[in-house]
>>> print(open('start18.tsv').read())   # TSV, C-alpha atoms
chain	number	residue	atom	x	y	z
N	17	MET	CA	0.00	0.00	0.00
N	18	THR	CA	1.38	3.42	-0.93
N	19	THR	CA	1.68	6.22	1.61
N	20	THR	CA	-1.16	8.06	-0.08
N	21	ALA	CA	-3.40	4.99	0.04
N	22	LEU	CA	-2.56	4.55	3.72
N	23	ALA	CA	-3.45	8.20	4.33
N	24	VAL	CA	-6.82	7.75	2.59
N	25	LEU	CA	-7.48	4.77	4.85
N	26	ALA	CA	-6.38	6.71	7.95
N	27	PHE	CA	-8.59	9.68	7.05
N	28	ALA	CA	-11.57	7.38	6.56
N	29	ALA	CA	-10.80	5.56	9.82
N	30	TRP	CA	-10.62	8.86	11.72
N	31	HIS	CA	-14.02	9.84	10.32
N	32	LEU	CA	-15.41	6.44	11.30
N	33	PHE	CA	-14.02	6.91	14.82
N	34	LEU	CA	-15.66	10.33	15.26
N	35	THR	CA	-18.94	8.99	13.85
N	36	GLY	CA	-18.74	6.05	16.26
N	37	LEU	CA	-18.24	8.38	19.22
N	38	ILE	CA	-21.39	10.27	18.26
N	39	TRP	CA	-23.60	7.23	17.87
N	40	ALA	CA	-22.15	5.50	20.97
N	41	SER	CA	-22.78	8.54	23.17
N	42	ARG	CA	-26.30	8.90	21.81
N	43	ALA	CA	-27.03	5.19	22.18
N	44	PHE	CA	-25.81	5.40	25.79
N	45	LEU	CA	-28.23	8.26	26.48
N	46	ILE	CA	-31.10	6.44	24.81
N	47	VAL	CA	-30.52	3.35	26.94
N	48	THR	CA	-29.74	5.08	30.25
N	49	THR	CA	-32.10	8.07	30.20
N	50	GLY	CA	-34.84	7.00	27.79
N	51	LYS	CA	-34.13	9.97	25.51
N	52	ALA	CA	-35.97	9.49	22.24
N	53	ALA	CA	-33.73	8.51	19.36
N	54	ASN	CA	-35.32	11.14	17.16
N	55	SER	CA	-34.91	13.97	19.65
N	56	PHE	CA	-31.19	14.71	19.24
N	57	LYS	CA	-30.17	17.99	17.66
N	58	PRO	CA	-27.76	17.47	14.76
N	59	ASP	CA	-25.24	19.89	16.29
N	60	GLY	CA	-25.08	18.03	19.63
N	61	THR	CA	-25.88	21.13	21.69
N	62	ASP	CA	-28.74	19.38	23.49
N	63	VAL	CA	-26.41	16.78	25.01
N	64	SER	CA	-23.34	18.59	26.35
N	65	PRO	CA	-20.65	21.08	25.37
N	66	PHE	CA	-18.37	18.13	24.55
N	67	SER	CA	-21.05	16.62	22.32
N	68	ALA	CA	-21.37	19.92	20.47
N	69	ARG	CA	-17.59	20.03	19.95
N	70	LEU	CA	-17.62	16.38	18.83
N	71	CYS	CA	-20.33	17.09	16.26
N	72	ARG	CA	-18.35	20.10	14.94
N	73	ALA	CA	-15.10	18.09	14.79
N	74	HIS	CA	-16.98	15.40	12.87
N	75	ALA	CA	-18.49	18.00	10.54
N	76	ASN	CA	-15.12	19.67	9.99
N	77	THR	CA	-13.76	16.30	8.90
N	78	TYR	CA	-16.38	15.68	6.24
N	79	GLU	CA	-16.40	19.32	5.14
N	80	ASN	CA	-12.72	19.04	4.23
N	81	ALA	CA	-12.88	15.50	2.87
N	82	PRO	CA	-13.78	16.44	-0.72
N	83	TYR	CA	-10.58	18.32	-1.41
N	84	ILE	CA	-8.24	16.28	0.81
N	85	LEU	CA	-9.48	12.85	-0.25
N	86	GLY	CA	-10.29	14.05	-3.77
N	87	LEU	CA	-6.71	15.12	-4.42
N	88	MET	CA	-5.22	11.98	-2.86
N	89	LEU	CA	-7.56	9.72	-4.83
N	90	LEU	CA	-6.88	11.66	-8.03
N	91	ALA	CA	-3.15	11.19	-7.48
N	92	LEU	CA	-3.66	7.46	-6.94
N	93	VAL	CA	-5.89	6.83	-9.95
N	94	THR	CA	-3.73	8.88	-12.32
N	95	GLY	CA	-0.48	7.29	-11.18
N	96	HIS	CA	0.81	10.52	-9.64
N	97	GLY	CA	0.99	9.32	-6.05
N	98	ALA	CA	4.52	10.70	-5.85
N	99	ILE	CA	2.93	14.16	-5.63
N	100	THR	CA	0.96	13.31	-2.50
N	101	ASP	CA	3.04	10.56	-0.87
N	102	GLY	CA	5.44	12.92	0.88
N	103	LEU	CA	2.78	14.91	2.74
N	104	ALA	CA	-0.17	12.51	2.81
N	105	LEU	CA	0.34	11.39	6.38
N	106	ALA	CA	1.13	14.96	7.47
N	107	VAL	CA	-2.24	16.16	6.18
N	108	VAL	CA	-4.03	13.36	8.05
N	109	GLY	CA	-1.99	14.10	11.17
N	110	ALA	CA	-2.99	17.75	10.95
N	111	ARG	CA	-6.64	16.68	10.56
N	112	VAL	CA	-6.46	14.45	13.65
N	113	LEU	CA	-4.73	17.15	15.71
N	114	GLN	CA	-7.31	19.73	14.61
N	115	SER	CA	-10.10	17.39	15.72
N	116	LEU	CA	-8.46	16.53	19.05
N	117	ILE	CA	-7.96	20.19	19.89
N	118	HIS	CA	-11.58	20.83	18.91
N	119	LEU	CA	-12.69	18.09	21.29
N	120	ALA	CA	-10.56	19.43	24.12
N	121	SER	CA	-11.39	23.12	24.18
N	122	THR	CA	-12.84	26.21	22.57
N	123	SER	CA	-10.47	28.63	24.31
N	124	VAL	CA	-8.87	31.34	22.20
N	125	MET	CA	-5.53	29.49	22.20
N	126	ALA	CA	-7.23	26.22	21.21
N	127	VAL	CA	-9.13	27.88	18.37
N	128	GLN	CA	-5.89	29.44	17.11
N	129	ALA	CA	-4.12	26.06	17.26
N	130	ARG	CA	-7.05	24.44	15.46
N	131	PHE	CA	-6.84	27.09	12.77
N	132	LEU	CA	-3.11	26.46	12.37
N	133	PHE	CA	-3.75	22.76	11.71
N	134	PHE	CA	-6.53	23.67	9.27
N	135	VAL	CA	-4.17	26.01	7.39
N	136	ILE	CA	-1.58	23.22	7.20
N	137	GLN	CA	-4.15	20.92	5.57
N	138	TRP	CA	-5.36	23.63	3.23
N	139	GLY	CA	-1.83	24.63	2.27
N	140	ILE	CA	-0.85	21.05	1.48
N	141	ALA	CA	-3.98	20.62	-0.63
N	142	VAL	CA	-3.25	23.84	-2.56
N	143	TYR	CA	0.32	22.62	-3.15
N	144	TRP	CA	-0.93	19.25	-4.41
N	145	ALA	CA	-3.50	20.87	-6.70
N	146	TRP	CA	-0.85	23.22	-8.11
N	147	LYS	CA	1.54	20.29	-8.73
N	148	MET	CA	-1.18	18.27	-10.46
N	149	PHE	CA	-2.26	21.21	-12.63
N	150	SER	CA	1.39	21.87	-13.48
N	151	MET	CA	1.88	18.26	-14.57
N	152	SER	CA	-1.30	18.28	-16.64
N	153	THR	CA	-0.30	21.40	-18.55
N	154	ALA	CA	3.36	20.38	-19.04
N	155	ALA	CA	2.49	17.61	-21.49
>>> encode(input="start18.tsv", output="structure tokens")
Amino acid sequence: MTTTALAVLAFAAWHLFLTGLIWASRAFLIVTTGKAANSFKPDGTDVSPFSARLCRAHANTYENAPYILGLMLLALVTGHGAITDGLALAVVGARVLQSLIHLASTSVMAVQARFLFFVIQWGIAVYWAWKMFSMSTAA
């Protein structure tokens, strides 16, 4: 498995993990408190501040998936994995760190750190897109 393919798997696994935390916490509340399964707010604000942060961290992950995963998958299917291999795990690491900080706090310092890890992901994606466009126009 290439580094890029491993990063795609890791990104998907991280999203699965966050999704699992949401449904496990909601299932726990359904079983222990009798809360109706159809009564949860999508943003998690009706459960706890942590649940709200978890729902936002989950949403941030899928909101960024199209360009992160899209570029990695494009590199894989076009045989240009060398473009993404070097930074593929870094972009996933930045995604995980952004999510973990989101789960931990909404303090000013935490939000700034979260933004830094978002900018890292965005910057890597811009670099990859530029490299792929450059290769497509060089031929």
>>> residues_around(input="start18.tsv", residues="region 64-69 of chain N", least_positions_apart="4", cutoff="8 Å", atoms="only C-alpha atoms", output="list in words")
Ile38, Asp59, Gly60, Ala73, His118, Leu119 and Ala120 of chain N
>>> closest_residue(input="start18.tsv", among="N:Ala28, N:Ile99, N:Ile84, N:Asp62", to="Ser150 (chain N)", atoms="all atoms listed in the file")
N:Ile99
>>> residues_around(input="start18.tsv", residues="region 132-143 of chain N", least_positions_apart="6", cutoff="12 Å", atoms="all atoms listed in the file", output="count of residues only")
39
>>> atom_distance(input="start18.tsv", atom1="CA of Val24 (chain N)", atom2="CA of Thr94 (chain N)")
15.3 Å
>>> residues_near_point(input="start18.tsv", point="(4.7, 15.6, -15.2)", cutoff="12 Å", atoms="all atoms listed in the file", output="PyMOL selection string")
chain N and resi 91+94-99+146-155
>>> closest_residue(input="start18.tsv", among="N:Thr61, N:Thr49, N:Thr20, N:Cys71", to="Gly36 (chain N)", atoms="all atoms listed in the file")
N:Cys71
>>> atom_distance(input="start18.tsv", atom1="CA of Val93 (chain N)", atom2="CA of Thr18 (chain N)")
12.1 Å
>>> residues_around(input="start18.tsv", residues="Leu45 (chain N)", least_positions_apart="3", cutoff="12 Å", atoms="all atoms listed in the file", output="list in words")
Ile38, Trp39, Ala40, Ser41, Arg42, Thr48, Thr49, Gly50, Lys51, Ala52, Ala53, Ser55, Phe56, Asp62, Val63, Ser64 and Ser67 of chain N
>>> atom_distance(input="start18.tsv", atom1="CA of Leu32 (chain N)", atom2="CA of Leu70 (chain N)")
12.7 Å
>>> build_atoms(input="start18.tsv", residues="region 92-118 of chain N", atoms="N, CA, C and O atoms", output="PDB file, keeping the file's coordinate frame")
ATOM      1  N   LEU N  92      -3.755   8.920  -6.860  1.00  0.00           N
ATOM      2  CA  LEU N  92      -3.660   7.460  -6.940  1.00  0.00           C
ATOM      3  C   LEU N  92      -4.153   6.931  -8.280  1.00  0.00           C
ATOM      4  O   LEU N  92      -3.482   6.103  -8.908  1.00  0.00           O
ATOM      5  N   VAL N  93      -5.313   7.398  -8.727  1.00  0.00           N
ATOM      6  CA  VAL N  93      -5.890   6.830  -9.950  1.00  0.00           C
ATOM      7  C   VAL N  93      -5.167   7.286 -11.208  1.00  0.00           C
ATOM      8  O   VAL N  93      -5.261   6.621 -12.233  1.00  0.00           O
ATOM      9  N   THR N  94      -4.461   8.399 -11.138  1.00  0.00           N
ATOM     10  CA  THR N  94      -3.730   8.880 -12.320  1.00  0.00           C
ATOM     11  C   THR N  94      -2.257   8.473 -12.299  1.00  0.00           C
ATOM     12  O   THR N  94      -1.507   8.852 -13.193  1.00  0.00           O
ATOM     13  N   GLY N  95      -1.864   7.727 -11.267  1.00  0.00           N
ATOM     14  CA  GLY N  95      -0.480   7.290 -11.180  1.00  0.00           C
ATOM     15  C   GLY N  95       0.487   8.390 -10.755  1.00  0.00           C
ATOM     16  O   GLY N  95       1.686   8.299 -11.016  1.00  0.00           O
ATOM     17  N   HIS N  96      -0.033   9.418 -10.102  1.00  0.00           N
ATOM     18  CA  HIS N  96       0.810  10.520  -9.640  1.00  0.00           C
ATOM     19  C   HIS N  96       0.895  10.564  -8.111  1.00  0.00           C
ATOM     20  O   HIS N  96       0.973  11.637  -7.509  1.00  0.00           O
ATOM     21  N   GLY N  97       0.896   9.397  -7.506  1.00  0.00           N
ATOM     22  CA  GLY N  97       0.990   9.320  -6.050  1.00  0.00           C
ATOM     23  C   GLY N  97       2.256   9.941  -5.493  1.00  0.00           C
ATOM     24  O   GLY N  97       2.288  10.343  -4.331  1.00  0.00           O
ATOM     25  N   ALA N  98       3.285  10.075  -6.313  1.00  0.00           N
ATOM     26  CA  ALA N  98       4.520  10.700  -5.850  1.00  0.00           C
ATOM     27  C   ALA N  98       4.273  12.151  -5.428  1.00  0.00           C
ATOM     28  O   ALA N  98       4.974  12.676  -4.563  1.00  0.00           O
ATOM     29  N   ILE N  99       3.263  12.779  -5.998  1.00  0.00           N
ATOM     30  CA  ILE N  99       2.930  14.160  -5.630  1.00  0.00           C
ATOM     31  C   ILE N  99       2.418  14.218  -4.196  1.00  0.00           C
ATOM     32  O   ILE N  99       2.760  15.126  -3.440  1.00  0.00           O
ATOM     33  N   THR N 100       1.601  13.266  -3.812  1.00  0.00           N
ATOM     34  CA  THR N 100       0.960  13.310  -2.500  1.00  0.00           C
ATOM     35  C   THR N 100       1.647  12.458  -1.435  1.00  0.00           C
ATOM     36  O   THR N 100       1.460  12.707  -0.241  1.00  0.00           O
ATOM     37  N   ASP N 101       2.439  11.479  -1.839  1.00  0.00           N
ATOM     38  CA  ASP N 101       3.040  10.560  -0.870  1.00  0.00           C
ATOM     39  C   ASP N 101       3.820  11.265   0.240  1.00  0.00           C
ATOM     40  O   ASP N 101       3.727  10.894   1.400  1.00  0.00           O
ATOM     41  N   GLY N 102       4.578  12.277  -0.098  1.00  0.00           N
ATOM     42  CA  GLY N 102       5.440  12.920   0.880  1.00  0.00           C
ATOM     43  C   GLY N 102       4.708  13.622   2.014  1.00  0.00           C
ATOM     44  O   GLY N 102       5.215  13.697   3.133  1.00  0.00           O
ATOM     45  N   LEU N 103       3.521  14.142   1.731  1.00  0.00           N
ATOM     46  CA  LEU N 103       2.780  14.910   2.740  1.00  0.00           C
ATOM     47  C   LEU N 103       1.440  14.285   3.119  1.00  0.00           C
ATOM     48  O   LEU N 103       0.682  14.871   3.894  1.00  0.00           O
ATOM     49  N   ALA N 104       1.140  13.119   2.573  1.00  0.00           N
ATOM     50  CA  ALA N 104      -0.170  12.510   2.810  1.00  0.00           C
ATOM     51  C   ALA N 104      -0.428  12.230   4.286  1.00  0.00           C
ATOM     52  O   ALA N 104      -1.509  12.538   4.808  1.00  0.00           O
ATOM     53  N   LEU N 105       0.544  11.679   4.967  1.00  0.00           N
ATOM     54  CA  LEU N 105       0.340  11.390   6.380  1.00  0.00           C
ATOM     55  C   LEU N 105       0.367  12.662   7.223  1.00  0.00           C
ATOM     56  O   LEU N 105      -0.305  12.747   8.252  1.00  0.00           O
ATOM     57  N   ALA N 106       1.109  13.672   6.762  1.00  0.00           N
ATOM     58  CA  ALA N 106       1.130  14.960   7.470  1.00  0.00           C
ATOM     59  C   ALA N 106      -0.249  15.611   7.428  1.00  0.00           C
ATOM     60  O   ALA N 106      -0.700  16.180   8.428  1.00  0.00           O
ATOM     61  N   VAL N 107      -0.916  15.533   6.281  1.00  0.00           N
ATOM     62  CA  VAL N 107      -2.240  16.160   6.180  1.00  0.00           C
ATOM     63  C   VAL N 107      -3.240  15.424   7.076  1.00  0.00           C
ATOM     64  O   VAL N 107      -4.076  16.058   7.733  1.00  0.00           O
ATOM     65  N   VAL N 108      -3.137  14.114   7.164  1.00  0.00           N
ATOM     66  CA  VAL N 108      -4.030  13.360   8.050  1.00  0.00           C
ATOM     67  C   VAL N 108      -3.679  13.654   9.513  1.00  0.00           C
ATOM     68  O   VAL N 108      -4.577  13.839  10.350  1.00  0.00           O
ATOM     69  N   GLY N 109      -2.401  13.744   9.811  1.00  0.00           N
ATOM     70  CA  GLY N 109      -1.990  14.100  11.170  1.00  0.00           C
ATOM     71  C   GLY N 109      -2.517  15.459  11.580  1.00  0.00           C
ATOM     72  O   GLY N 109      -3.002  15.644  12.704  1.00  0.00           O
ATOM     73  N   ALA N 110      -2.452  16.418  10.668  1.00  0.00           N
ATOM     74  CA  ALA N 110      -2.990  17.750  10.950  1.00  0.00           C
ATOM     75  C   ALA N 110      -4.495  17.701  11.164  1.00  0.00           C
ATOM     76  O   ALA N 110      -5.040  18.396  12.022  1.00  0.00           O
ATOM     77  N   ARG N 111      -5.187  16.854  10.401  1.00  0.00           N
ATOM     78  CA  ARG N 111      -6.640  16.680  10.560  1.00  0.00           C
ATOM     79  C   ARG N 111      -6.952  16.125  11.939  1.00  0.00           C
ATOM     80  O   ARG N 111      -7.833  16.608  12.649  1.00  0.00           O
ATOM     81  N   VAL N 112      -6.214  15.082  12.344  1.00  0.00           N
ATOM     82  CA  VAL N 112      -6.460  14.450  13.650  1.00  0.00           C
ATOM     83  C   VAL N 112      -6.171  15.452  14.773  1.00  0.00           C
ATOM     84  O   VAL N 112      -6.962  15.585  15.717  1.00  0.00           O
ATOM     85  N   LEU N 113      -5.058  16.170  14.673  1.00  0.00           N
ATOM     86  CA  LEU N 113      -4.730  17.150  15.710  1.00  0.00           C
ATOM     87  C   LEU N 113      -5.776  18.262  15.775  1.00  0.00           C
ATOM     88  O   LEU N 113      -6.167  18.695  16.866  1.00  0.00           O
ATOM     89  N   GLN N 114      -6.251  18.719  14.618  1.00  0.00           N
ATOM     90  CA  GLN N 114      -7.310  19.730  14.610  1.00  0.00           C
ATOM     91  C   GLN N 114      -8.535  19.208  15.343  1.00  0.00           C
ATOM     92  O   GLN N 114      -9.125  19.907  16.173  1.00  0.00           O
ATOM     93  N   SER N 115      -8.920  17.976  15.060  1.00  0.00           N
ATOM     94  CA  SER N 115     -10.100  17.390  15.720  1.00  0.00           C
ATOM     95  C   SER N 115      -9.884  17.229  17.220  1.00  0.00           C
ATOM     96  O   SER N 115     -10.784  17.546  18.012  1.00  0.00           O
ATOM     97  N   LEU N 116      -8.721  16.738  17.617  1.00  0.00           N
ATOM     98  CA  LEU N 116      -8.460  16.530  19.050  1.00  0.00           C
ATOM     99  C   LEU N 116      -8.489  17.840  19.819  1.00  0.00           C
ATOM    100  O   LEU N 116      -9.032  17.908  20.929  1.00  0.00           O
ATOM    101  N   ILE N 117      -7.918  18.879  19.234  1.00  0.00           N
ATOM    102  CA  ILE N 117      -7.960  20.190  19.890  1.00  0.00           C
ATOM    103  C   ILE N 117      -9.403  20.675  19.975  1.00  0.00           C
ATOM    104  O   ILE N 117      -9.828  21.218  20.998  1.00  0.00           O
ATOM    105  N   HIS N 118     -10.172  20.434  18.914  1.00  0.00           N
ATOM    106  CA  HIS N 118     -11.580  20.830  18.910  1.00  0.00           C
ATOM    107  C   HIS N 118     -12.327  20.115  20.037  1.00  0.00           C
ATOM    108  O   HIS N 118     -13.156  20.725  20.726  1.00  0.00           O
TER     109      HIS N 118
END
